[in-house]
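**Q** Got run_17.cif for you, mmCIF, C-alpha atoms:
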```
data_target
#
loop_
_atom_site.label_atom_id
_atom_site.label_comp_id
_atom_site.auth_asym_id
_atom_site.auth_seq_id
_atom_site.Cartn_x
_atom_site.Cartn_y
_atom_site.Cartn_z
CA MET A 1 99.02 35.46 214.57
CA GLU A 2 97.75 31.94 213.91
CA GLU A 3 101.07 30.62 212.56
CA LEU A 4 102.97 31.83 215.62
CA LYS A 5 100.40 30.14 217.86
CA LYS A 6 100.76 26.84 216.00
CA VAL A 7 104.57 26.94 216.17
CA ASN A 8 104.45 27.66 219.90
CA GLU A 9 102.00 24.81 220.52
CA ALA A 10 104.14 22.32 218.60
CA ALA A 11 107.28 23.43 220.45
CA GLU A 12 105.50 23.30 223.80
CA TYR A 13 104.41 19.73 223.13
CA LEU A 14 108.00 18.68 222.35
CA ARG A 15 109.41 20.55 225.36
CA GLY A 16 106.91 18.68 227.49
CA GLN A 17 108.44 15.45 226.15
CA GLY A 18 111.96 16.54 227.11
CA VAL A 19 113.12 18.03 223.78
CA ASP A 20 114.78 21.25 224.88
CA GLY A 21 118.13 22.97 225.27
CA LEU A 22 119.58 21.58 222.01
CA ARG A 23 121.79 23.41 219.50
CA THR A 24 121.68 21.33 216.31
CA ALA A 25 118.95 20.04 213.99
CA ILE A 26 119.42 17.89 210.89
CA ILE A 27 116.99 17.49 207.99
CA LEU A 28 117.45 14.14 206.26
CA GLY A 29 116.63 14.11 202.56
CA THR A 30 115.61 11.50 199.99
CA GLY A 31 117.13 8.10 200.70
CA LEU A 32 119.31 9.58 203.45
CA GLY A 33 117.67 8.35 206.64
CA ARG A 34 120.37 5.94 207.84
CA LEU A 35 122.03 8.60 210.00
CA VAL A 36 119.38 7.76 212.58
CA GLU A 37 121.02 4.33 212.98
CA GLU A 38 124.15 6.13 214.21
CA MET A 39 122.17 7.94 216.91
CA GLU A 40 121.46 6.89 220.46
CA ILE A 41 117.73 7.48 220.25
CA ILE A 42 116.09 9.01 223.29
CA ARG A 43 112.61 9.40 221.79
CA SER A 44 111.00 9.49 218.38
CA PHE A 45 107.82 11.34 217.47
CA PRO A 46 105.72 10.50 214.40
CA TYR A 47 104.86 13.76 212.69
CA GLU A 48 101.15 13.08 213.07
CA ASP A 49 101.58 13.15 216.87
CA ILE A 50 103.09 16.66 216.89
CA PRO A 51 100.47 19.43 216.92
CA HIS A 52 100.05 21.16 213.54
CA PHE A 53 102.89 19.26 211.83
CA PRO A 54 102.39 18.44 208.16
CA VAL A 55 102.55 14.74 207.25
CA SER A 56 104.86 13.57 204.47
CA THR A 57 103.02 11.94 201.57
CA VAL A 58 106.13 10.53 199.85
CA GLU A 59 106.62 6.82 200.42
CA PHE A 60 110.39 7.04 200.99
CA HIS A 61 110.15 9.97 203.41
CA HIS A 62 109.34 8.47 206.80
CA GLY A 63 107.88 11.23 208.92
CA GLN A 64 109.51 11.21 212.34
CA LEU A 65 111.25 13.72 214.56
CA ILE A 66 114.10 11.90 216.27
CA HIS A 67 115.56 13.17 219.56
CA GLY A 68 118.85 11.52 220.43
CA LYS A 69 122.60 11.68 220.75
CA LEU A 70 125.00 11.77 217.82
CA GLY A 71 128.38 11.34 219.43
CA SER A 72 128.31 13.34 222.64
CA GLU A 73 125.76 15.94 221.51
CA GLU A 74 122.00 15.74 221.78
CA ILE A 75 120.32 16.74 218.53
CA ILE A 76 117.02 16.49 216.75
CA ALA A 77 116.75 14.93 213.30
CA PHE A 78 113.83 15.33 210.93
CA LYS A 79 113.57 11.96 209.18
CA GLY A 80 111.42 12.86 206.22
CA ARG A 81 110.68 16.31 204.89
CA PHE A 82 107.88 18.05 203.07
CA HIS A 83 107.88 19.35 199.52
CA TYR A 84 106.04 22.00 197.57
CA TYR A 85 105.05 19.37 194.98
CA GLU A 86 103.06 17.49 197.64
CA GLY A 87 100.63 20.39 197.71
CA TYR A 88 102.01 22.20 200.74
CA SER A 89 102.77 25.90 200.72
CA ALA A 90 106.36 27.00 201.23
CA ARG A 91 105.38 28.17 204.74
CA GLU A 92 104.09 24.68 205.57
CA VAL A 93 107.23 23.06 204.12
CA ALA A 94 109.38 25.16 206.47
CA PHE A 95 107.12 24.81 209.54
CA PRO A 96 109.48 22.30 211.27
CA VAL A 97 112.32 24.84 211.07
CA ARG A 98 110.19 27.41 212.89
CA VAL A 99 109.52 24.82 215.59
CA ALA A 100 113.23 23.96 215.82
CA HIS A 101 114.08 27.62 216.35
CA GLU A 102 111.45 27.88 219.08
CA LEU A 103 113.18 24.92 220.79
CA GLY A 104 116.46 26.87 220.80
CA ILE A 105 118.16 25.31 217.77
CA GLU A 106 121.05 27.49 216.55
CA ARG A 107 122.35 25.60 213.53
CA LEU A 108 120.58 23.63 210.83
CA LEU A 109 122.29 20.92 208.79
CA ILE A 110 120.50 19.73 205.66
CA SER A 111 120.93 16.87 203.23
CA ASN A 112 119.16 16.31 199.94
CA ALA A 113 119.33 14.36 196.71
CA ALA A 114 120.02 16.41 193.58
CA GLY A 115 120.78 16.01 189.92
CA ALA A 116 124.24 17.08 188.75
CA MET A 117 124.24 19.58 185.86
CA ASN A 118 127.89 20.56 186.17
CA ARG A 119 129.48 18.06 183.80
CA GLN A 120 132.58 17.77 185.98
CA PHE A 121 130.39 16.27 188.73
CA LYS A 122 129.49 12.57 188.79
CA LYS A 123 126.61 10.70 190.33
CA GLY A 124 127.38 9.32 193.77
CA GLU A 125 129.50 12.37 194.67
CA LEU A 126 128.68 14.89 197.40
CA MET A 127 128.29 18.62 196.80
CA LEU A 128 128.54 21.25 199.51
CA ILE A 129 125.99 23.95 198.69
CA THR A 130 127.59 27.39 198.53
CA ASP A 131 124.52 29.31 197.36
CA HIS A 132 121.08 28.73 195.90
CA ILE A 133 118.59 29.90 193.29
CA ASN A 134 114.91 29.77 194.23
CA LEU A 135 112.67 28.88 191.28
CA LEU A 136 109.79 27.66 193.41
CA PRO A 137 106.67 29.75 192.72
CA ASP A 138 106.35 30.49 196.43
CA ASN A 139 108.41 31.86 199.30
CA PRO A 140 107.91 30.90 202.96
CA LEU A 141 108.46 34.54 203.95
CA ARG A 142 105.56 35.76 201.79
CA GLY A 143 102.65 37.19 203.76
CA GLN A 144 102.51 38.90 207.11
CA ASN A 145 105.92 39.08 208.80
CA VAL A 146 106.25 37.89 212.39
CA ASP A 147 108.67 40.43 213.84
CA VAL A 148 109.76 38.22 216.74
CA TRP A 149 111.08 35.72 214.19
CA GLY A 150 113.01 38.11 212.02
CA PRO A 151 113.00 41.19 209.78
CA ARG A 152 110.65 41.83 206.89
CA PHE A 153 113.56 41.84 204.41
CA PRO A 154 116.17 39.34 205.64
CA ASP A 155 119.66 39.44 204.15
CA MET A 156 120.80 36.42 202.12
CA SER A 157 124.38 37.44 201.31
CA GLU A 158 125.59 34.37 203.24
CA ALA A 159 122.67 31.96 203.24
CA TYR A 160 125.05 29.05 203.85
CA ASP A 161 127.33 29.75 206.79
CA LEU A 162 130.94 30.22 205.70
CA LYS A 163 132.48 28.81 208.88
CA LEU A 164 130.34 25.67 208.72
CA ARG A 165 131.25 25.23 205.06
CA GLU A 166 134.96 25.62 205.83
CA LEU A 167 134.63 23.07 208.61
CA PHE A 168 132.92 20.58 206.29
CA LEU A 169 135.73 21.02 203.75
CA THR A 170 138.38 20.48 206.42
CA ILE A 171 136.68 17.33 207.68
CA ALA A 172 136.28 16.01 204.14
CA GLU A 173 139.98 16.55 203.44
CA GLU A 174 140.98 14.85 206.69
CA MET A 175 138.74 11.87 205.89
CA ASN A 176 139.75 11.78 202.23
CA ILE A 177 136.13 12.24 201.13
CA PRO A 178 135.72 14.09 197.81
CA LEU A 179 133.42 17.07 198.38
CA ARG A 180 132.38 19.22 195.46
CA GLN A 181 131.13 22.78 195.89
CA GLY A 182 128.37 24.41 193.91
CA VAL A 183 125.10 26.26 193.53
CA TYR A 184 121.78 24.47 194.11
CA VAL A 185 118.58 25.43 192.30
CA ALA A 186 115.17 24.49 193.70
CA VAL A 187 112.38 23.70 191.23
CA THR A 188 108.79 22.65 191.71
CA GLY A 189 108.83 19.00 190.60
CA PRO A 190 107.71 16.30 190.94
CA ASN A 191 108.77 15.56 187.36
CA LEU A 192 112.43 15.46 186.49
CA GLU A 193 113.57 18.08 184.02
CA THR A 194 113.69 18.12 180.23
CA ALA A 195 116.96 18.54 178.36
CA ALA A 196 116.06 22.14 177.56
CA GLU A 197 115.34 22.85 181.22
CA TYR A 198 118.70 21.40 182.27
CA ARG A 199 120.44 23.68 179.77
CA PHE A 200 118.54 26.69 181.10
CA LEU A 201 119.22 25.89 184.77
CA HIS A 202 122.93 25.38 184.19
CA THR A 203 123.10 28.55 182.10
CA ILE A 204 121.70 30.67 184.95
CA GLY A 205 124.44 29.43 187.28
CA ALA A 206 123.25 26.22 188.94
CA ASP A 207 125.46 23.15 189.39
CA ALA A 208 122.76 20.87 190.82
CA VAL A 209 118.97 20.79 190.81
CA GLY A 210 116.49 19.52 193.38
CA MET A 211 113.02 20.04 194.82
CA SER A 212 113.69 21.00 198.43
CA THR A 213 116.01 22.75 200.89
CA VAL A 214 115.55 26.39 199.83
CA PRO A 215 112.33 27.05 201.82
CA GLU A 216 113.93 25.65 204.97
CA VAL A 217 117.07 27.74 204.48
CA LEU A 218 115.10 30.94 203.86
CA VAL A 219 113.18 30.46 207.10
CA ALA A 220 116.29 29.49 209.06
CA ARG A 221 118.15 32.59 207.91
CA HIS A 222 115.09 34.74 208.62
CA MET A 223 115.50 33.62 212.25
CA ASP A 224 119.31 33.99 212.19
CA MET A 225 120.02 30.26 212.39
CA ARG A 226 123.30 29.10 210.84
CA CYS A 227 122.85 26.72 207.90
CA ALA A 228 124.90 24.23 205.94
CA ALA A 229 123.68 21.77 203.32
CA ILE A 230 125.11 18.89 201.33
CA SER A 231 123.59 17.34 198.21
CA VAL A 232 124.06 13.74 197.20
CA LEU A 233 124.34 13.85 193.41
CA THR A 234 122.15 10.97 192.33
CA ASP A 235 122.12 11.36 188.54
CA GLU A 236 124.01 13.16 185.76
CA CYS A 237 121.86 15.67 183.90
CA ASP A 238 123.70 16.00 180.59
CA PRO A 239 121.18 17.47 178.14
CA ASP A 240 123.19 16.22 175.15
CA ASN A 241 123.06 12.64 176.42
CA LEU A 242 120.00 12.51 178.62
CA GLN A 243 119.04 9.03 179.79
CA PRO A 244 115.77 7.98 181.45
CA VAL A 245 116.06 8.00 185.25
CA ASP A 246 113.95 5.94 187.60
CA ILE A 247 113.30 7.19 191.14
CA ALA A 248 114.39 3.77 192.46
CA ASP A 249 117.82 4.35 190.90
CA ILE A 250 118.02 7.76 192.59
CA ILE A 251 117.20 6.21 195.97
CA GLU A 252 119.83 3.50 195.41
CA VAL A 253 122.59 6.00 194.57
CA ALA A 254 121.63 8.16 197.56
CA GLY A 255 121.87 5.14 199.82
CA GLN A 256 125.30 4.21 198.49
CA ALA A 257 126.66 7.71 199.10
CA GLU A 258 125.11 8.00 202.52
CA THR A 259 128.04 6.41 204.37
CA GLU A 260 130.36 9.29 203.51
CA LEU A 261 127.65 11.85 204.19
CA ILE A 262 127.15 10.41 207.67
CA LYS A 263 130.89 10.67 208.34
CA LEU A 264 130.84 14.36 207.44
CA PHE A 265 127.82 15.14 209.62
CA LYS A 266 129.23 13.22 212.57
CA GLY A 267 132.60 14.90 212.14
CA LEU A 268 131.07 18.37 212.10
CA ILE A 269 128.98 17.76 215.21
CA LYS A 270 132.00 16.31 217.00
#
```
Would you write out, as structure tokens, the structure that this file holds?
**A**
Amino acid sequence: MEELKKVNEAAEYLRGQGVDGLRTAIILGTGLGRLVEEMEIIRSFPYEDIPHFPVSTVEFHHGQLIHGKLGSEEIIAFKGRFHYYEGYSAREVAFPVRVAHELGIERLLISNAAGAMNRQFKKGELMLITDHINLLPDNPLRGQNVDVWGPRFPDMSEAYDLKLRELFLTIAEEMNIPLRQGVYVAVTGPNLETAAEYRFLHTIGADAVGMSTVPEVLVARHMDMRCAAISVLTDECDPDNLQPVDIADIIEVAGQAETELIKLFKGLIK
């Protein structure tokens, strides 16, 4: 199959550059790239240099795969991700996760920026994702199944690994970092939602809304990788008092909350 061939070629290129034998990968979301500054960088790879990798078209998503140490563990970090709204298919969005699995990655940690619809949540807070709702009009598992990657009908009863979630909660308590828990819904974007859409999304059970993460998690679970994800809540989506939101404000809030997010990720890897 062509997709399997492309994944193998991308992984082979990275193995040839010394990226191998690692356990953990991190996907860094909107405005959340400063974790790289905490790493002892061994090598960085622009996405355009990696065979068959998509290239991010969003100005604040810098497309690099970073190989380095975070604490005592070697990891890879995807600085910049791809989105369905950029014109990519869900399979293309999740391509880096396939490559990570081929490199031996066992656990995937994800960050994203999201809007808070649960009115008890405030912007600038962090939310540990407990479950998700996929409202993207595509699924990365659609099409021919590659049996060596996983089953045709993968189970999603625990999409977000319970033990990793419990560990994040323990670390947050020890560090006195408030950590909400809730359900994340993925929508197409790139527009932000109307008041009526926020009411609908909250009514169906979502606490926060964003435009990413779900395709990567679906693919990771298809390949039996353990996943955990944390959203930075960058705006409050109260349909009864909806205020205009500028993307620059979202980036600013994400950057302010990033310090605590970095502490959680470093604590978990340690």
**Q** What is the distance, in Å and to one decimal place, between CA of Ala208 (chain A) and CA of Leu70 (chain A)?
**A** 28.6 Å
**Q** I'd like to know which of A:Ser72, A:Gly80, A:Arg23, A:Glu173 is closest to Phe45 (chain A), using all atoms listed in the file.
**A** A:Gly80
**Q** With all atoms listed in the file as the basis for distance, which of A:Pro46, A:Phe121, A:Leu4, A:Asp224 is at the shortest distance from Gly150 (chain A)?
**A**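 Among the listed residues, the smallest separation from Gly150 (chain A) belongs to A:Asp224.
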**Q** Rounded to one decimal place, report the CA of Tyr84 (chain A)-CA of Gly189 (chain A) distance in Å.
**A**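 About the pair CA of Tyr84 (chain A) and CA of Gly189 (chain A): they are 8.1 Å apart.
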**Q** Give me the residues within 8 Å of Arg180 (chain A) as a list of chain:residue names, counting only C-alpha atoms and dropping any in the same chain fewer than 6 places off.
**A**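 My list of contacting residues is A:Phe121, A:Glu125, A:Leu126, A:Met127, A:Leu128.
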**Q** Can you translate the PyMOL selection byres ((chain A and resi 139-145) around 8) into the concrete residues it hits in this file, as a PyMOL selection string?
**A** chain A and resi 89-94+136-138+146-147+150-152+215+218-219
**Q** Which of these, A:Ile26, A:Ile262, A:Ile42, A:Met223, has the shortest distance to Phe153 (chain A) once you count only C-alpha atoms?
**A**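 Between A:Ile26, A:Ile262, A:Ile42, A:Met223, the residue approaching Phe153 (chain A) most closely is A:Met223.
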**Q** For Glu174 (chain A), which of A:Gly87, A:Pro154, A:Gly267, A:Gly104 is the closest residue, counting all atoms listed in the file?
**A**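 Answer, going by the shortest atom-to-atom distance: A:Gly267.
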